[in-house]
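Text of query-v3.txt (compact mmCIF, C-alpha atoms) as supplied:
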```txt
# COMPACT_ATOMS: atom_id res chain seq x y z
CA MET A 317 16.65 -4.69 14.84
CA PRO A 318 16.37 -5.86 18.45
CA PRO A 319 14.53 -9.22 18.50
CA SER A 320 12.95 -8.38 21.82
CA LEU A 321 10.73 -5.71 20.31
CA ALA A 322 7.33 -6.54 18.91
CA VAL A 323 7.09 -6.82 15.14
CA GLN A 324 3.86 -5.54 13.67
CA PRO A 325 3.05 -5.70 9.95
CA VAL A 326 1.84 -2.33 8.77
CA PRO A 327 -0.27 -2.49 5.59
CA ALA A 328 0.30 0.77 3.76
CA PRO A 329 -2.81 2.33 2.31
CA HIS A 330 -1.10 3.12 -0.93
CA PRO A 331 -1.24 0.60 -3.79
CA GLY A 332 2.22 -0.54 -4.68
CA ALA A 333 3.93 1.15 -1.77
CA GLN A 334 6.66 -0.87 -0.13
CA VAL A 335 5.52 -2.48 3.11
CA ALA A 336 7.80 -2.06 6.10
CA LEU A 337 7.65 -3.67 9.49
CA ALA A 338 7.09 -1.30 12.37
CA VAL A 339 9.48 -2.25 15.11
CA ALA A 340 9.76 0.20 17.97
CA PRO A 341 8.55 0.73 21.51
CA ARG A 342 5.07 2.24 21.61
CA ARG A 343 4.73 5.89 22.65
CA ASP A 344 1.08 6.83 23.04
CA ASP A 345 0.58 10.13 21.25
CA PRO A 346 -2.46 9.69 18.95
CA LEU A 347 -2.44 13.31 17.78
CA ARG A 348 1.11 13.00 16.52
CA GLY A 349 0.31 9.65 14.92
CA VAL A 350 -2.67 11.10 13.06
CA GLY A 351 -0.60 14.08 11.90
CA LEU A 352 2.13 11.81 10.58
CA LEU A 353 -0.36 9.58 8.78
CA LEU A 354 -2.08 12.55 7.14
CA SER A 355 1.32 13.79 5.96
CA ALA A 356 2.06 10.37 4.47
CA MET A 357 -1.27 10.36 2.62
CA ILE A 358 -0.40 13.70 1.02
CA LEU A 359 2.99 12.35 -0.07
CA PHE A 360 1.38 9.21 -1.52
CA SER A 361 -1.04 11.33 -3.54
CA CYS A 362 1.79 13.55 -4.78
CA SER A 363 3.67 10.43 -5.82
CA ASP A 364 0.61 9.17 -7.72
CA ALA A 365 0.11 12.54 -9.42
CA THR A 366 3.76 12.62 -10.50
CA GLY A 367 3.46 9.05 -11.80
CA LYS A 368 0.36 9.97 -13.80
CA TYR A 369 2.09 13.03 -15.22
CA LEU A 370 5.20 11.04 -16.14
CA SER A 371 3.28 8.13 -17.69
CA ALA A 372 1.83 10.55 -20.24
CA SER A 373 5.28 10.74 -21.87
CA LEU A 374 6.92 7.47 -20.77
CA PRO A 375 5.65 3.86 -20.72
CA PRO A 376 4.30 2.88 -17.27
CA ILE A 377 6.84 0.03 -17.11
CA GLU A 378 9.67 2.54 -17.43
CA VAL A 379 8.08 4.79 -14.81
CA VAL A 380 7.95 1.89 -12.34
CA TRP A 381 11.56 1.00 -13.14
CA LEU A 382 12.67 4.56 -12.37
CA ARG A 383 10.57 4.49 -9.22
CA TYR A 384 12.32 1.37 -7.97
CA LEU A 385 15.70 2.91 -8.72
CA GLY A 386 14.67 5.79 -6.45
CA PHE A 387 13.55 3.25 -3.86
CA CYS A 388 16.99 1.61 -4.00
CA LEU A 389 18.76 4.94 -3.56
CA LEU A 390 16.85 5.44 -0.30
CA VAL A 391 17.35 1.91 1.04
CA LEU A 392 21.00 1.42 0.01
CA PRO A 393 22.53 3.59 2.77
CA ALA A 394 20.63 1.61 5.44
CA ILE A 395 21.89 -1.66 3.93
CA ILE A 396 25.50 -0.43 3.85
CA ALA A 397 25.29 0.95 7.39
CA GLY A 398 23.98 -2.37 8.69
CA LYS A 399 26.52 -4.48 6.73
CA PRO A 400 25.11 -5.88 3.43
CA ALA A 401 25.82 -9.53 4.29
CA LYS A 402 23.72 -9.21 7.44
CA MET A 403 20.95 -7.02 6.03
CA LEU A 404 20.40 -9.28 3.00
CA ARG A 405 20.30 -12.49 5.05
CA SER A 406 16.69 -13.71 5.34
CA ARG A 407 15.10 -16.60 7.18
CA ARG A 408 12.38 -16.78 4.54
CA PRO A 409 14.02 -15.69 1.25
CA GLY A 410 11.41 -17.41 -0.92
CA LEU A 411 8.54 -15.61 0.79
CA GLN A 412 10.46 -12.34 0.63
CA VAL A 413 10.81 -12.64 -3.15
CA LEU A 414 7.14 -13.62 -3.57
CA ARG A 415 6.11 -10.70 -1.39
CA GLY A 416 8.30 -8.37 -3.44
CA LEU A 417 6.65 -9.63 -6.63
CA GLY A 418 3.21 -8.98 -5.15
CA ILE A 419 4.10 -5.39 -4.23
CA LEU A 420 5.77 -4.89 -7.62
CA GLY A 421 2.73 -6.23 -9.49
CA SER A 422 0.53 -3.82 -7.58
CA ALA A 423 2.80 -0.88 -8.49
CA ILE A 424 2.80 -1.79 -12.20
CA LEU A 425 -0.96 -2.25 -12.41
CA PHE A 426 -1.75 0.93 -10.50
CA THR A 427 0.67 3.00 -12.60
CA MET A 428 -0.95 1.62 -15.76
CA ALA A 429 -4.36 2.51 -14.31
CA VAL A 430 -3.61 6.14 -13.45
CA GLN A 431 -2.12 6.66 -16.90
CA THR A 432 -5.70 6.59 -18.25
CA LEU A 433 -8.08 6.89 -15.30
CA PRO A 434 -8.76 9.88 -13.05
CA MET A 435 -6.71 9.62 -9.87
CA ALA A 436 -9.79 9.64 -7.62
CA ASP A 437 -11.38 6.71 -9.48
CA ALA A 438 -8.22 4.59 -9.40
CA THR A 439 -7.56 5.40 -5.73
CA ALA A 440 -11.15 4.73 -4.65
CA THR A 441 -11.18 1.34 -6.39
CA SER A 442 -7.81 0.35 -4.96
CA PHE A 443 -9.15 0.78 -1.41
CA VAL A 444 -10.90 -2.55 -1.90
CA SER A 445 -7.67 -4.34 -0.90
CA PRO A 446 -8.90 -5.20 2.67
CA ILE A 447 -11.58 -7.35 1.05
CA PHE A 448 -8.97 -9.44 -0.74
CA ILE A 449 -6.75 -9.53 2.35
CA THR A 450 -9.69 -11.03 4.25
CA ALA A 451 -10.28 -13.63 1.54
CA LEU A 452 -6.60 -14.59 1.15
CA SER A 453 -6.07 -14.83 4.92
CA ILE A 454 -8.24 -17.96 4.99
CA PRO A 455 -6.14 -20.30 2.80
CA PHE A 456 -2.73 -18.73 3.52
CA LEU A 457 -2.97 -17.78 7.19
CA GLY A 458 -5.60 -20.24 8.37
CA GLU A 459 -7.83 -17.46 9.71
CA VAL A 460 -11.51 -18.05 10.36
CA VAL A 461 -13.71 -15.35 8.86
CA GLY A 462 -17.10 -14.87 10.46
CA LEU A 463 -20.39 -13.86 8.91
CA ARG A 464 -20.03 -10.17 9.79
CA ARG A 465 -16.66 -9.87 8.08
CA TRP A 466 -18.02 -11.65 4.99
CA ALA A 467 -20.93 -9.21 5.03
CA ALA A 468 -18.41 -6.34 5.03
CA VAL A 469 -16.68 -7.98 2.06
CA GLY A 470 -19.99 -8.11 0.19
CA VAL A 471 -20.70 -4.45 0.93
CA GLY A 472 -17.22 -3.49 -0.27
CA LEU A 473 -17.79 -5.33 -3.54
CA ILE A 474 -21.01 -3.39 -4.01
CA GLY A 475 -18.99 -0.20 -3.59
CA VAL A 476 -16.57 -1.37 -6.28
CA LEU A 477 -19.47 -2.05 -8.66
CA ILE A 478 -20.77 1.48 -8.05
CA VAL A 479 -17.39 2.99 -8.96
CA VAL A 480 -16.62 0.67 -11.88
CA ARG A 481 -20.20 0.55 -13.28
CA PRO A 482 -19.80 -2.56 -15.47
CA GLY A 483 -22.15 -2.69 -18.44
CA SER A 484 -22.89 1.04 -18.34
CA ALA A 485 -21.76 3.82 -20.65
CA GLY A 486 -19.43 5.06 -17.89
CA PHE A 487 -17.52 1.76 -17.70
CA HIS A 488 -13.87 1.84 -18.76
CA PRO A 489 -11.96 -1.47 -19.12
CA MET A 490 -8.97 0.12 -17.38
CA MET A 491 -11.08 0.25 -14.21
CA LEU A 492 -10.21 -3.41 -13.77
CA LEU A 493 -6.54 -2.56 -13.26
CA PRO A 494 -6.91 -0.97 -9.80
CA ILE A 495 -8.85 -4.06 -8.72
CA LEU A 496 -6.06 -6.33 -9.96
CA SER A 497 -3.58 -4.01 -8.26
CA ALA A 498 -5.52 -4.40 -4.99
CA ILE A 499 -5.42 -8.20 -5.34
CA SER A 500 -1.67 -8.17 -5.93
CA TRP A 501 -1.21 -5.77 -3.01
CA ALA A 502 -3.34 -8.02 -0.77
CA GLY A 503 -1.11 -10.96 -1.65
CA GLY A 504 1.94 -8.96 -0.58
CA ILE A 505 0.29 -8.00 2.72
CA VAL A 506 -0.75 -11.58 3.50
CA LEU A 507 2.81 -12.77 2.84
CA THR A 508 4.08 -9.96 5.10
CA ARG A 509 1.85 -11.27 7.87
CA LYS A 510 2.90 -14.86 7.21
CA MET A 511 6.58 -14.12 7.74
CA SER A 512 6.04 -11.55 10.50
CA GLY A 513 9.00 -11.57 12.86
CA ALA A 514 11.24 -13.56 10.53
CA ASP A 515 13.29 -10.63 9.25
CA GLY A 516 14.02 -7.02 10.10
CA SER A 517 12.51 -4.04 8.34
CA VAL A 518 15.68 -3.17 6.42
CA THR A 519 15.94 -6.75 5.16
CA THR A 520 12.33 -6.68 4.01
CA MET A 521 12.79 -3.33 2.26
CA ALA A 522 16.04 -4.54 0.68
CA TYR A 523 14.33 -7.60 -0.77
CA SER A 524 11.51 -5.41 -2.10
CA ALA A 525 13.98 -3.06 -3.76
CA ALA A 526 16.16 -5.85 -5.19
CA THR A 527 13.20 -7.86 -6.48
CA GLY A 528 11.68 -4.82 -8.15
CA VAL A 529 14.89 -3.58 -9.76
CA VAL A 530 15.94 -7.01 -11.06
CA VAL A 531 12.53 -7.83 -12.54
CA MET A 532 11.95 -4.37 -14.01
CA THR A 533 15.49 -4.26 -15.48
CA MET A 534 14.68 -7.45 -17.37
CA ILE A 535 11.34 -6.11 -18.62
CA VAL A 536 12.06 -2.43 -19.33
CA PRO A 537 14.18 -2.99 -22.53
CA PHE A 538 11.01 -4.18 -24.30
CA TYR A 539 9.32 -0.84 -23.53
CA TRP A 540 12.35 1.44 -23.56
CA GLN A 541 11.96 5.06 -24.55
CA SER A 542 14.96 7.31 -24.00
CA PRO A 543 14.03 9.58 -21.08
CA SER A 544 15.21 13.13 -20.59
CA TRP A 545 17.07 14.12 -17.43
CA HIS A 546 13.90 15.82 -16.27
CA GLN A 547 11.95 12.57 -16.64
CA ILE A 548 14.67 10.56 -14.90
CA LEU A 549 14.62 12.98 -11.98
CA LEU A 550 10.82 12.80 -11.68
CA GLY A 551 10.92 8.99 -11.77
CA LEU A 552 13.51 8.87 -8.99
CA VAL A 553 11.49 11.40 -6.98
CA ILE A 554 8.43 9.11 -7.18
CA GLY A 555 10.38 6.27 -5.57
CA ILE A 556 11.95 8.47 -2.91
CA VAL A 557 8.68 10.21 -2.01
CA SER A 558 6.57 7.03 -1.85
CA THR A 559 9.19 5.19 0.20
CA THR A 560 9.56 8.15 2.57
CA ALA A 561 5.78 8.22 2.96
CA GLN A 562 5.78 4.54 3.86
CA TRP A 563 8.40 5.07 6.57
CA ILE A 564 6.26 7.91 7.94
CA VAL A 565 3.36 5.45 8.14
CA VAL A 566 5.60 3.09 10.10
CA ILE A 567 6.49 5.89 12.54
CA ALA A 568 2.82 6.90 12.85
CA TYR A 569 1.93 3.40 14.04
CA ARG A 570 4.42 3.82 16.88
CA TYR A 571 2.26 6.58 18.34
CA ALA A 572 -1.28 5.27 17.86
CA ASP A 573 -3.22 2.04 17.40
CA ALA A 574 -4.28 0.89 13.95
CA SER A 575 -7.94 1.33 14.95
CA VAL A 576 -7.26 5.03 15.59
CA LEU A 577 -5.30 5.62 12.39
CA ALA A 578 -7.36 3.54 9.95
CA PRO A 579 -10.04 6.18 9.23
CA PHE A 580 -7.42 8.81 8.42
CA SER A 581 -5.73 6.62 5.79
CA TYR A 582 -8.76 7.22 3.58
CA SER A 583 -7.92 10.92 3.45
CA GLN A 584 -5.74 9.93 0.50
CA LEU A 585 -8.91 9.92 -1.61
CA VAL A 586 -9.44 13.61 -0.80
CA TRP A 587 -5.89 14.55 -1.81
CA SER A 588 -6.06 12.39 -4.94
CA ALA A 589 -9.31 14.04 -6.01
CA LEU A 590 -7.89 17.50 -5.27
CA LEU A 591 -4.64 16.92 -7.17
CA GLY A 592 -6.56 15.25 -9.99
CA PHE A 593 -8.61 18.42 -10.35
CA LEU A 594 -5.78 20.95 -9.91
CA VAL A 595 -3.21 19.17 -12.12
CA PHE A 596 -5.30 17.25 -14.63
CA GLY A 597 -8.68 19.00 -14.52
CA ALA A 598 -10.53 15.78 -13.60
CA VAL A 599 -13.69 16.11 -11.53
CA PRO A 600 -15.01 12.86 -9.94
CA ASP A 601 -18.75 12.32 -10.33
CA MET A 602 -21.16 11.58 -7.50
CA LEU A 603 -21.20 7.82 -8.19
CA THR A 604 -17.44 7.70 -7.65
CA PHE A 605 -17.81 9.39 -4.27
CA LEU A 606 -20.77 7.17 -3.37
CA GLY A 607 -18.90 3.99 -4.26
CA ALA A 608 -15.82 5.23 -2.40
CA ALA A 609 -17.93 5.89 0.70
CA VAL A 610 -19.31 2.33 0.58
CA ILE A 611 -15.81 0.87 0.11
CA ILE A 612 -14.42 2.98 2.96
CA GLY A 613 -17.28 1.95 5.25
CA SER A 614 -16.56 -1.69 4.47
CA GLY A 615 -12.84 -1.21 5.13
CA LEU A 616 -13.42 0.55 8.44
CA TYR A 617 -15.76 -2.17 9.65
CA THR A 618 -13.23 -4.83 8.62
CA ALA A 619 -10.54 -2.96 10.60
CA HIS A 620 -12.92 -2.81 13.58
CA ARG A 621 -13.51 -6.56 13.45
CA GLU A 622 -9.76 -7.15 13.23
CA ARG A 623 -9.31 -5.09 16.40
CA VAL A 624 -12.09 -7.00 18.19
CA ARG A 625 -10.57 -10.34 17.19
CA ALA A 626 -7.13 -9.21 18.39
CA GLN A 627 -8.58 -8.19 21.76
CA GLU A 628 -10.44 -11.47 22.12
CA ALA A 629 -7.22 -13.37 21.38
CA ARG A 630 -5.35 -11.64 24.20
CA PRO A 631 -4.90 -13.41 27.55
CA PRO A 632 -7.48 -12.28 30.17
CA ASP A 633 -4.89 -10.35 32.16
CA ARG A 634 -3.85 -8.31 29.10
CA GLN A 635 -7.49 -7.67 28.22
CA ALA A 636 -8.03 -6.25 31.69
CA ALA A 637 -4.89 -4.11 31.43
CA SER A 638 -5.96 -2.64 28.07
CA ALA A 639 -9.41 -1.92 29.45
CA VAL A 640 -7.84 0.18 32.17
```
Please lay out the structure from this file as structure tokens.
Amino acid sequence: MPPSLAVQPVPAPHPGAQVALAVAPRRDDPLRGVGLLLSAMILFSCSDATGKYLSASLPPIEVVWLRYLGFCLLVLPAIIAGKPAKMLRSRRPGLQVLRGLGILGSAILFTMAVQTLPMADATATSFVSPIFITALSIPFLGEVVGLRRWAAVGVGLIGVLIVVRPGSAGFHPMMLLPILSAISWAGGIVLTRKMSGADGSVTTMAYSAATGVVVMTMIVPFYWQSPSWHQILLGLVIGIVSTTAQWIVVIAYRYADASVLAPFSYSQLVWSALLGFLVFGAVPDMLTFLGAAVIIGSGLYTAHRERVRAQEARPPDRQAASAV
């Protein structure tokens, strides 16, 4: 990847999805960017629905292992084309492995969650990840978080409590798994930001794939259940579809600013609820939608504050240029 181009970390909205680095000249076409992002959200939801379907007959650990094999199949040609020795060379190998473990942990926890929970509930709860990204950015990135962003964090936590409903008859212990998945995902995103610009996108994806496959290959024998060819195919499809969706997200950010695209990433909740109903017959209740709305509002405000801070950090001449 040309070092002269800007490197921008793109946090995928999907729990456990591999994070890529968007590296390309900007081409302002917001409509195309929104269309691409909406397409990616549909693919993410389809991947989740397939994972939920597959985890009914296979252990979630095995489903994630198959998913990472599919991920490797998609990344391997790019590694070979770019010469493996070069593509696998990292300036921050330790951080790459830690980041890969964070993304992997998120994938495992979310797959375990959707095995039992309705897709809409798990997806809504996982949208709390910006809260944890904000909190982790303080010790790991040295960011200063103001009162308004902390207020947004508090509001987001209220939304989580509405969805999870601890202490009520509607509480399910598995509701904690999407929260843990969001924490693990947030750790991966923070590490992505910390090493921004150190490595190319293919290198980052290669480390994610390698870390996931190596770790899952060591774990999966303890949960092994002989899969059918149909199950193997579905598992590989999950990895290919989710990775393709992530690359579409990367392309979408080449056409529009994050502040423009952020609201549309939450359309995944709509598709998850729709697929949950059509495939599994699950109908989210009003409290789930209310909590999701609170969480989404918190996330959008956090994204707004991030944009304001980025503008304030620009030199005066660039601020004037962007205003024009």
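You can rank A:Val430, A:Ala574, A:Val460, A:Ala608 by their closest distance to Tyr369 in chain A using only C-alpha atoms, and at the top of that list sits A:Val430.
For the pair CA of Gln562 in chain A and CA of Pro434 in chain A, the interatomic distance is 22.9 Å.
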Around all of range 390-399 of chain A's listed atoms, make the axis-aligned box with 5 Å on each side and tell me centre and edge lengths in Å to one decimal, as AutoDock Vina command-line options.
```
--center_x 21.7 --center_y 0.5 --center_z 4.2 --size_x 19.7 --size_y 19.9 --size_z 19.0
```
Contact table range 505-601 of chain A vs range 345-353 of chain A, cut-off 12 Å, shortest pair per residue, only C-alpha atoms, as a Markdown table:
```
| residue | atom | partner | partner_atom | distance |
| --- | --- | --- | --- | --- |
| A:Thr560 | CA | A:Leu352 | CA | 11.5 |
| A:Ala561 | CA | A:Leu353 | CA | 8.6 |
| A:Gln562 | CA | A:Leu353 | CA | 9.3 |
| A:Trp563 | CA | A:Leu352 | CA | 10.0 |
| A:Ile564 | CA | A:Leu352 | CA | 6.3 |
| A:Val565 | CA | A:Leu353 | CA | 5.6 |
| A:Val566 | CA | A:Leu353 | CA | 8.9 |
| A:Ile567 | CA | A:Leu352 | CA | 7.6 |
| A:Ala568 | CA | A:Gly349 | CA | 4.3 |
| A:Tyr569 | CA | A:Gly349 | CA | 6.5 |
| A:Arg570 | CA | A:Gly349 | CA | 7.4 |
| A:Tyr571 | CA | A:Asp345 | CA | 4.9 |
| A:Ala572 | CA | A:Pro346 | CA | 4.7 |
| A:Asp573 | CA | A:Pro346 | CA | 7.8 |
| A:Ala574 | CA | A:Gly349 | CA | 9.9 |
| A:Ser575 | CA | A:Pro346 | CA | 10.8 |
| A:Val576 | CA | A:Pro346 | CA | 7.5 |
| A:Leu577 | CA | A:Val350 | CA | 6.1 |
| A:Ala578 | CA | A:Leu353 | CA | 9.3 |
| A:Pro579 | CA | A:Val350 | CA | 9.7 |
| A:Phe580 | CA | A:Val350 | CA | 7.0 |
| A:Ser581 | CA | A:Leu353 | CA | 6.8 |
| A:Tyr582 | CA | A:Leu353 | CA | 10.2 |
| A:Ser583 | CA | A:Leu353 | CA | 9.3 |
| A:Gln584 | CA | A:Leu353 | CA | 9.9 |
```
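Picture a line from CA of Leu594 in chain A to CA of His546 in chain A; it runs 21.3 Å.
Nearest-residue note for Thr519 in chain A: choosing from A:Gly418, A:Pro409, A:Pro494, A:Pro375, the minimum distance belongs to A:Pro409, counting all atoms listed in the file.
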Could you check the closest approach to Trp466 in chain A for each of A:Thr427, A:Ala498, A:Thr618, A:Ser363 and tell me which residue wins, using all atoms listed in the file? A:Thr618
Expected answer as a PyMOL selection string: all residues with atoms within 12 Å of (0.1, 5.2, -5.6), only C-alpha atoms: chain A and resi 328-334+356-368+380+383+419-420+422-431+435-436+438-443+494+497-498+501+554-555+557-559+561-562+584-585+587-588
Which is closer to Leu385 in chain A than all the others in A:Gly528, A:Gly597, A:Gly607, A:Gly615, using all atoms listed in the file? A:Gly528
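Nearest residue to Ala394 in chain A among A:Glu378, A:Ile499, A:Met521, A:Ser355 is A:Met521, counting only C-alpha atoms.
Note that CA of Ala522 in chain A and CA of Leu414 in chain A are 13.4 Å apart.
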I need every residue sitting at most 8 Å from the point (13.5, 0.1, -5.5) (coordinates as in the file, only C-alpha atoms considered), written as a PyMOL selection string. chain A and resi 381+383-389+391+524-526+528-529+555
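Considering all atoms listed in the file, the residue among A:Val413, A:Leu457, A:Val480, A:Ile396 positioned nearest to Val530 in chain A is A:Val413.
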Neighbouring residues of Thr527 in chain A were defined as those with any atom within 7 Å, considering only C-alpha atoms; residues of the same chain fewer than 4 positions away were excluded. Please report them as a VMD selection string. chain A and resid 413 416 to 417 523 531
Please write range 552-566 of chain A of the preceding block to a file containing N, CA and C atoms, as a tab-separated table (two decimals), in the first residue's frame?
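To be explicit, this is the file written out as part-v8.tsv:
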```tsv
chain	number	residue	atom	x	y	z
A	552	LEU	N	-17.82	-21.91	6.11
A	552	LEU	CA	-16.92	-21.15	5.24
A	552	LEU	C	-17.62	-19.93	4.66
A	553	VAL	N	-18.90	-20.09	4.32
A	553	VAL	CA	-19.68	-18.97	3.77
A	553	VAL	C	-19.76	-17.83	4.78
A	554	ILE	N	-19.92	-18.16	6.07
A	554	ILE	CA	-19.98	-17.12	7.10
A	554	ILE	C	-18.72	-16.26	7.05
A	555	GLY	N	-17.56	-16.92	7.00
A	555	GLY	CA	-16.30	-16.17	6.97
A	555	GLY	C	-16.16	-15.35	5.71
A	556	ILE	N	-16.51	-15.91	4.58
A	556	ILE	CA	-16.38	-15.19	3.31
A	556	ILE	C	-17.33	-14.01	3.25
A	557	VAL	N	-18.59	-14.22	3.68
A	557	VAL	CA	-19.58	-13.14	3.63
A	557	VAL	C	-19.22	-12.01	4.58
A	558	SER	N	-18.85	-12.34	5.83
A	558	SER	CA	-18.54	-11.29	6.81
A	558	SER	C	-17.29	-10.51	6.41
A	559	THR	N	-16.30	-11.21	5.85
A	559	THR	CA	-15.08	-10.51	5.42
A	559	THR	C	-15.36	-9.64	4.20
A	560	THR	N	-16.16	-10.14	3.27
A	560	THR	CA	-16.55	-9.33	2.12
A	560	THR	C	-17.30	-8.08	2.56
A	561	ALA	N	-18.19	-8.25	3.53
A	561	ALA	CA	-18.94	-7.10	4.06
A	561	ALA	C	-18.00	-6.07	4.65
A	562	GLN	N	-16.96	-6.54	5.35
A	562	GLN	CA	-16.03	-5.59	5.95
A	562	GLN	C	-15.27	-4.81	4.88
A	563	TRP	N	-14.89	-5.47	3.80
A	563	TRP	CA	-14.20	-4.76	2.72
A	563	TRP	C	-15.14	-3.74	2.07
A	564	ILE	N	-16.43	-4.07	2.00
A	564	ILE	CA	-17.39	-3.12	1.44
A	564	ILE	C	-17.47	-1.88	2.34
A	565	VAL	N	-17.40	-2.10	3.67
A	565	VAL	CA	-17.39	-0.97	4.60
A	565	VAL	C	-16.17	-0.09	4.32
A	566	VAL	N	-15.03	-0.72	4.11
A	566	VAL	CA	-13.80	0.03	3.82
A	566	VAL	C	-13.99	0.89	2.56
```
